[in-house]
>>> print(open('target20.tsv').read())   # TSV, C-alpha atoms and all ligand atoms
chain	number	residue	atom	x	y	z
A	1	MET	CA	-3.17	21.12	-0.05
A	2	THR	CA	-0.07	19.82	1.67
A	3	GLU	CA	2.90	18.31	-0.13
A	4	ALA	CA	2.03	14.91	1.36
A	5	ALA	CA	-1.57	15.14	0.12
A	6	ARG	CA	-0.42	16.11	-3.36
A	7	GLY	CA	1.99	13.19	-3.39
A	8	TRP	CA	-0.67	10.77	-2.24
A	9	LEU	CA	-3.04	11.86	-4.99
A	10	ALA	CA	-0.27	11.41	-7.55
A	11	LEU	CA	0.47	7.98	-6.15
A	12	GLN	CA	-3.14	6.95	-6.51
A	13	GLN	CA	-3.12	8.11	-10.12
A	14	ASP	CA	-0.03	6.03	-10.77
A	15	LEU	CA	-1.76	3.03	-9.26
A	16	GLY	CA	-4.79	3.49	-11.45
A	17	GLY	CA	-7.04	4.34	-8.54
A	18	ASP	CA	-10.26	6.29	-8.96
A	19	GLU	CA	-10.85	7.13	-5.32
A	20	VAL	CA	-9.35	9.66	-2.93
A	21	ILE	CA	-8.14	8.30	0.39
A	22	LEU	CA	-6.93	10.85	2.87
A	23	ASP	CA	-8.51	9.63	6.08
A	24	ARG	CA	-6.91	7.62	8.84
A	25	PRO	CA	-6.30	3.89	8.68
A	26	MET	CA	-9.44	1.85	9.17
A	27	VAL	CA	-7.50	-0.98	10.71
A	28	ALA	CA	-5.75	-1.55	13.99
A	29	THR	CA	-2.51	0.39	14.42
A	30	PRO	CA	-0.15	0.85	17.33
A	31	ALA	CA	-1.98	4.11	18.01
A	32	ALA	CA	-5.30	2.28	18.13
A	33	SER	CA	-3.84	-0.19	20.60
A	34	GLY	CA	-2.70	2.49	23.02
A	35	TRP	CA	0.56	3.55	21.42
A	36	ARG	CA	1.21	7.28	21.34
A	37	LYS	CA	4.08	9.39	20.19
A	38	GLY	CA	6.75	9.44	22.83
A	39	ALA	CA	5.82	6.04	24.17
A	40	PRO	CA	7.36	2.70	23.27
A	41	PRO	CA	5.37	0.84	20.61
A	42	ILE	CA	3.24	-1.57	22.59
A	43	PRO	CA	1.21	-3.71	20.20
A	44	GLY	CA	-2.05	-5.16	21.43
A	45	PRO	CA	-2.58	-8.76	22.49
A	46	GLY	CA	-1.39	-11.14	19.86
A	47	MET	CA	0.28	-8.44	17.79
A	48	VAL	CA	3.87	-9.17	18.71
A	49	ILE	CA	5.69	-12.12	17.26
A	50	THR	CA	9.13	-12.84	18.66
A	51	LEU	CA	11.26	-13.84	15.74
A	52	PRO	CA	13.92	-16.49	15.54
A	53	GLN	CA	17.50	-15.43	15.05
A	54	LEU	CA	18.77	-15.93	11.54
A	55	ALA	CA	21.38	-18.63	11.33
A	56	PHE	CA	24.93	-17.39	10.99
A	57	GLY	CA	27.09	-20.44	10.80
A	58	GLY	CA	30.81	-20.07	10.52
A	59	GLU	CA	31.06	-17.01	8.26
A	60	PRO	CA	33.46	-14.24	9.17
A	61	ALA	CA	31.90	-11.35	11.06
A	62	TRP	CA	32.04	-8.88	8.19
A	63	GLU	CA	32.98	-5.55	9.70
A	64	SER	CA	31.22	-3.22	7.27
A	65	LEU	CA	28.54	-3.12	4.64
A	66	GLU	CA	31.31	-2.85	2.08
A	67	THR	CA	32.89	-6.11	3.20
A	68	VAL	CA	29.48	-7.79	3.10
A	69	ALA	CA	29.02	-6.54	-0.48
A	70	ALA	CA	32.50	-7.76	-1.40
A	71	ALA	CA	31.69	-11.23	-0.04
A	72	ILE	CA	28.42	-11.25	-1.99
A	73	ALA	CA	30.25	-10.31	-5.18
A	74	GLU	CA	32.37	-13.46	-4.87
A	75	CYS	CA	29.61	-15.69	-3.51
A	76	ARG	CA	28.78	-19.08	-5.05
A	77	ARG	CA	26.86	-20.50	-2.13
A	78	CYS	CA	23.77	-21.30	-4.18
A	79	PRO	CA	22.84	-21.98	-7.83
A	80	LEU	CA	21.57	-18.43	-8.36
A	81	CYS	CA	25.17	-17.37	-8.94
A	82	GLU	CA	25.10	-19.18	-12.28
A	83	GLY	CA	22.59	-16.88	-13.95
A	84	ARG	CA	23.44	-13.52	-12.47
A	85	THR	CA	24.79	-10.56	-14.40
A	86	LYS	CA	25.55	-8.54	-11.29
A	87	THR	CA	25.03	-9.22	-7.62
A	88	VAL	CA	22.66	-6.81	-5.90
A	89	PRO	CA	23.89	-6.49	-2.33
A	90	GLY	CA	21.69	-3.54	-1.39
A	91	GLU	CA	22.40	0.13	-0.89
A	92	GLY	CA	21.52	3.18	1.08
A	93	ASN	CA	22.27	5.08	4.24
A	94	PRO	CA	24.52	2.89	6.43
A	95	SER	CA	22.91	4.45	9.52
A	96	ALA	CA	19.35	4.37	8.24
A	97	ARG	CA	16.48	4.45	10.71
A	98	LEU	CA	14.33	2.56	8.20
A	99	MET	CA	15.58	-0.56	6.43
A	100	LEU	CA	13.54	-2.16	3.65
A	101	VAL	CA	13.81	-5.82	2.74
A	102	GLY	CA	12.53	-7.04	-0.62
A	103	GLU	CA	12.53	-10.44	-2.29
A	104	GLY	CA	15.36	-10.46	-4.80
A	105	PRO	CA	16.68	-8.81	-7.95
A	106	GLY	CA	14.61	-8.70	-11.11
A	107	GLU	CA	15.90	-8.11	-14.62
A	108	ASN	CA	16.60	-4.40	-14.20
A	109	GLU	CA	18.28	-4.94	-10.84
A	110	ASP	CA	20.39	-7.78	-12.24
A	111	LEU	CA	21.62	-5.53	-15.03
A	112	SER	CA	22.26	-2.48	-12.86
A	113	GLY	CA	23.39	-4.08	-9.60
A	114	ARG	CA	20.96	-1.83	-7.70
A	115	PRO	CA	17.80	-2.78	-5.79
A	116	PHE	CA	14.33	-1.60	-6.79
A	117	VAL	CA	14.87	0.08	-10.15
A	118	GLY	CA	12.23	0.17	-12.88
A	119	ARG	CA	8.51	0.74	-12.31
A	120	ALA	CA	8.36	-0.94	-8.93
A	121	GLY	CA	11.33	1.12	-7.82
A	122	GLU	CA	9.69	4.32	-8.99
A	123	LEU	CA	6.58	3.45	-7.03
A	124	LEU	CA	8.66	2.62	-3.96
A	125	ASP	CA	10.35	6.03	-4.22
A	126	LYS	CA	6.93	7.70	-4.22
A	127	ILE	CA	5.77	5.71	-1.22
A	128	LEU	CA	8.95	6.60	0.66
A	129	ALA	CA	8.52	10.27	-0.23
A	130	LEU	CA	5.02	10.21	1.23
A	131	ILE	CA	6.33	9.19	4.63
A	132	GLU	CA	9.20	11.65	4.31
A	133	ALA	CA	11.80	8.93	4.15
A	134	PRO	CA	13.36	9.40	0.70
A	135	ARG	CA	15.52	6.65	-0.73
A	136	GLU	CA	18.80	8.30	0.21
A	137	THR	CA	17.81	8.15	3.90
A	138	VAL	CA	16.92	4.45	4.03
A	139	PHE	CA	18.77	1.20	3.40
A	140	ILE	CA	17.31	-1.25	0.89
A	141	ALA	CA	18.30	-4.91	0.70
A	142	ASN	CA	16.83	-8.15	-0.59
A	143	VAL	CA	16.46	-11.66	0.78
A	144	VAL	CA	18.64	-13.02	-2.04
A	145	LYS	CA	21.31	-11.03	-3.79
A	146	CYS	CA	21.26	-12.76	-7.19
A	147	ARG	CA	18.38	-12.87	-9.67
A	148	PRO	CA	16.28	-16.04	-9.66
A	149	PRO	CA	15.55	-17.31	-13.19
A	150	LYS	CA	12.42	-15.89	-14.83
A	151	ASN	CA	11.84	-13.78	-11.72
A	152	ARG	CA	10.52	-16.74	-9.74
A	153	ALA	CA	10.51	-16.54	-5.97
A	154	PRO	CA	13.77	-17.73	-4.39
A	155	LEU	CA	13.66	-21.32	-3.18
A	156	PRO	CA	14.04	-22.16	0.52
A	157	ASP	CA	17.61	-23.46	0.01
A	158	GLU	CA	18.58	-20.28	-1.83
A	159	ARG	CA	17.12	-18.09	0.90
A	160	GLU	CA	18.92	-20.12	3.51
A	161	ALA	CA	22.25	-19.85	1.69
A	162	CYS	CA	21.90	-16.07	1.44
A	163	ARG	CA	20.61	-15.56	4.96
A	164	PRO	CA	23.91	-14.62	6.63
A	165	TYR	CA	24.34	-11.61	4.36
A	166	LEU	CA	20.96	-10.11	5.18
A	167	ARG	CA	21.40	-10.81	8.85
A	168	ARG	CA	24.77	-9.06	8.94
A	169	GLN	CA	23.43	-6.11	6.94
A	170	ILE	CA	20.67	-5.61	9.50
A	171	GLU	CA	23.16	-5.93	12.35
A	172	LEU	CA	25.44	-3.32	10.79
A	173	VAL	CA	22.75	-0.80	9.83
A	174	LYS	CA	20.93	-1.23	13.16
A	175	PRO	CA	17.71	0.31	11.82
A	176	LYS	CA	15.02	1.54	14.15
A	177	VAL	CA	12.35	-0.08	11.98
A	178	LEU	CA	12.35	-2.89	9.42
A	179	LEU	CA	9.84	-2.90	6.57
A	180	ALA	CA	9.42	-6.21	4.74
A	181	LEU	CA	8.05	-5.87	1.21
A	182	GLY	CA	6.10	-8.93	0.16
A	183	SER	CA	5.51	-12.43	1.42
A	184	THR	CA	8.98	-13.78	0.59
A	185	ALA	CA	10.67	-11.12	2.71
A	186	ALA	CA	8.11	-11.66	5.46
A	187	GLU	CA	8.70	-15.40	5.48
A	188	ALA	CA	12.47	-14.98	5.46
A	189	LEU	CA	12.43	-12.61	8.43
A	190	LEU	CA	9.67	-14.23	10.44
A	191	GLY	CA	10.58	-17.84	9.79
A	192	VAL	CA	6.91	-18.66	9.28
A	193	LYS	CA	4.83	-19.00	6.13
A	194	LYS	CA	1.48	-17.24	6.33
A	195	PRO	CA	-0.69	-15.24	3.93
A	196	LEU	CA	0.51	-11.67	3.88
A	197	ILE	CA	-2.92	-10.41	4.82
A	198	GLU	CA	-2.50	-12.15	8.19
A	199	LEU	CA	0.91	-10.60	8.80
A	200	ARG	CA	0.42	-6.98	7.78
A	201	ASN	CA	-1.09	-4.27	9.97
A	202	ARG	CA	0.75	-5.33	13.09
A	203	VAL	CA	4.13	-4.90	14.69
A	204	HIS	CA	6.39	-7.95	14.65
A	205	ARG	CA	9.96	-7.99	15.90
A	206	TRP	CA	13.20	-9.21	14.41
A	207	ASP	CA	15.86	-9.52	17.08
A	208	GLY	CA	14.11	-6.75	19.01
A	209	ILE	CA	13.69	-4.43	16.02
A	210	PRO	CA	10.07	-3.52	15.14
A	211	LEU	CA	9.16	-5.15	11.84
A	212	ILE	CA	6.26	-4.08	9.62
A	213	ILE	CA	5.13	-6.23	6.72
A	214	THR	CA	3.38	-4.89	3.66
A	215	TYR	CA	2.87	-5.57	-0.03
A	216	HIS	CA	5.71	-5.55	-2.54
A	217	PRO	CA	5.52	-2.50	-4.86
A	218	ALA	CA	5.28	-4.84	-7.86
A	219	ALA	CA	2.18	-6.38	-6.28
A	220	LEU	CA	0.71	-2.90	-5.83
A	221	LEU	CA	1.21	-2.26	-9.54
A	222	ARG	CA	-0.77	-5.41	-10.29
A	223	ASN	CA	-3.41	-4.92	-7.61
A	224	PRO	CA	-4.36	-1.28	-7.00
A	225	ASN	CA	-6.88	-2.41	-4.38
A	226	TRP	CA	-3.95	-3.08	-2.05
A	227	LYS	CA	-2.81	0.52	-2.14
A	228	ARG	CA	-4.85	1.54	0.86
A	229	PRO	CA	-3.65	-1.22	3.20
A	230	ALA	CA	-0.08	-0.61	2.03
A	231	TRP	CA	-0.46	3.05	2.85
A	232	ASP	CA	-1.72	2.14	6.32
A	233	ASP	CA	1.30	-0.13	6.83
A	234	VAL	CA	3.91	2.43	5.86
A	235	ARG	CA	2.27	4.98	8.11
A	236	ILE	CA	2.68	2.57	11.02
A	237	ALA	CA	6.36	2.33	10.09
A	238	ARG	CA	6.56	6.12	10.10
A	239	GLN	CA	4.94	6.28	13.55
A	240	LEU	CA	7.47	3.81	14.89
A	241	ILE	CA	10.38	5.79	13.40
A	242	ASP	CA	9.08	8.91	15.12
A	243	SER	CA	8.55	7.23	18.48
A	244	ASP	CA	11.06	7.87	21.26
A	245	SER	CA	11.67	4.19	21.95
A	301	LIG	S1	21.82	-15.59	-3.98
A	301	LIG	FE1	23.07	-15.18	-2.16
A	301	LIG	S2	23.85	-17.19	-1.53
A	301	LIG	FE2	23.13	-17.41	-3.65
A	301	LIG	S3	24.99	-17.02	-4.89
A	301	LIG	FE3	23.89	-15.05	-4.68
A	301	LIG	S4	24.85	-14.04	-2.92
A	301	LIG	FE4	25.40	-16.23	-2.82
>>> encode(input="target20.tsv", output="structure tokens", more="lines below")
Ligand code: SF4
Amino acid sequence: MTEAARGWLALQQDLGGDEVILDRPMVATPAASGWRKGAPPIPGPGMVITLPQLAFGGEPAWESLETVAAAIAECRRCPLCEGRTKTVPGEGNPSARLMLVGEGPGENEDLSGRPFVGRAGELLDKILALIEAPRETVFIANVVKCRPPKNRAPLPDEREACRPYLRRQIELVKPKVLLALGSTAAEALLGVKKPLIELRNRVHRWDGIPLIITYHPAALLRNPNWKRPAWDDVRIARQLIDSDS
């Protein structure tokens, strides 16, 4: 049994699954729509959504991820600053080929100042290991950098206030592929509100960068039935990373 297969079985155990899934995705993928390794990802009809640019109004053009983080640490652009313990600017490889975007800090993240710690973070690490993209090779950021009260989803005004930071982080990292985790991240990057099931399993684009949307790890912990579609989604991301485009 390969390392990847062993990891996948362990992941299914963690998710409470009682089935073994090692076959190929049952849903449309870039490969199914004519994409092959070595060729640019060409999604099928209706699979590409051209995304609006994120607004970037009047802020300085932060020159590095460190200066973005420093600006976040001082930020009081929205009410979320009132309840934060630490800001969570994001972290990872500044030249990552894969950049993940989550929703916002939870309790553990607020206390530690790091994204995706706790059970959801452990699950994310396992998912990343399965596509041979361990945490130290990727960059992880959130839509908002301060914890919303009681872990509620960030409000539209809060997302809008925080938008310049995420935009600049993506511009600086210049990832080959973006992976949005959950509907809040999807909505923030796409600029449209749709059920996640309608957005996953296809290649979108953010400012020309391929963007895959899948379930948030916390949602996978609550709903093990989503593990298979999430696995399909991250494999699409892996295919895009490996493509020559
Ligand atoms: S959530 Fe973003 S915009 Fe709001 S205070 Fe924190 S860093 Fe600033």
>>> atom_distance(input="target20.tsv", atom1="atom CA of A:Asn142", atom2="atom CA of A:Leu155")
13.8 Å
>>> closest_residue(input="target20.tsv", among="A:Met99, A:Ile131, A:Val143, A:Ala61", to="ligand LIG 301 (chain A)", atoms="only C-alpha atoms and all ligand atoms")
A:Val143
>>> closest_residue(input="target20.tsv", among="A:Ala219, A:Cys78, A:Val68, A:Val177", to="ligand LIG 301 (chain A)", atoms="all atoms listed in the file")
A:Cys78
>>> closest_residue(input="target20.tsv", among="A:Ala96, A:Leu211, A:Ile170, A:Val203", to="A:Arg135", atoms="all atoms listed in the file")
A:Ala96
>>> residues_near_ligand(input="target20.tsv", ligand="ligand LIG 301 (chain A)", cutoff="9 Å", atoms="all atoms listed in the file", output="PyMOL selection string")
chain A and resi 69+71-82+84+87-89+104+143-148+154+157-165
>>> closest_residue(input="target20.tsv", among="A:Asp244, A:Ile209, A:Ala237, A:Val117", to="A:Glu132", atoms="only C-alpha atoms")
A:Ala237
>>> closest_residue(input="target20.tsv", among="A:Val138, A:Leu190, A:Leu124, A:Ile241", to="A:Tyr215", atoms="only C-alpha atoms")
A:Leu124
>>> closest_residue(input="target20.tsv", among="A:Ile127, A:Leu98, A:Glu91, A:Lys86", to="A:Leu111", atoms="only C-alpha atoms")
A:Lys86
>>> residues_around(input="target20.tsv", residues="A:Gly182", least_positions_apart="6", cutoff="8 Å", atoms="only C-alpha atoms", output="PyMOL selection string")
chain A and resi 102-103+196+213-216+219
>>> atom_distance(input="target20.tsv", atom1="atom CA of A:Ile236", atom2="atom CA of A:Pro217")
16.9 Å
>>> atom_distance(input="target20.tsv", atom1="atom CA of A:Ser64", atom2="atom CA of A:Ser243")
27.4 Å
>>> residues_around(input="target20.tsv", residues="A:Lys194", least_positions_apart="3", cutoff="12 Å", atoms="all atoms listed in the file", output="list in words")
Gly182, Ser183, Thr184, Ala185, Ala186, Glu187, Ala188, Leu190, Gly191, Ile197, Glu198, Leu199, Arg200 and Ile213 of chain A
>>> residues_around(input="target20.tsv", residues="A:Gly121", least_positions_apart="5", cutoff="9 Å", atoms="only C-alpha atoms", output="list of chain:residue names")
A:Pro115, A:Phe116, A:Lys126, A:Pro217, A:Ala218
>>> residues_around(input="target20.tsv", residues="A:Gly92", least_positions_apart="3", cutoff="7 Å", atoms="only C-alpha atoms", output="list in words")
Glu136, Thr137, Val138, Phe139 and Ile140 of chain A
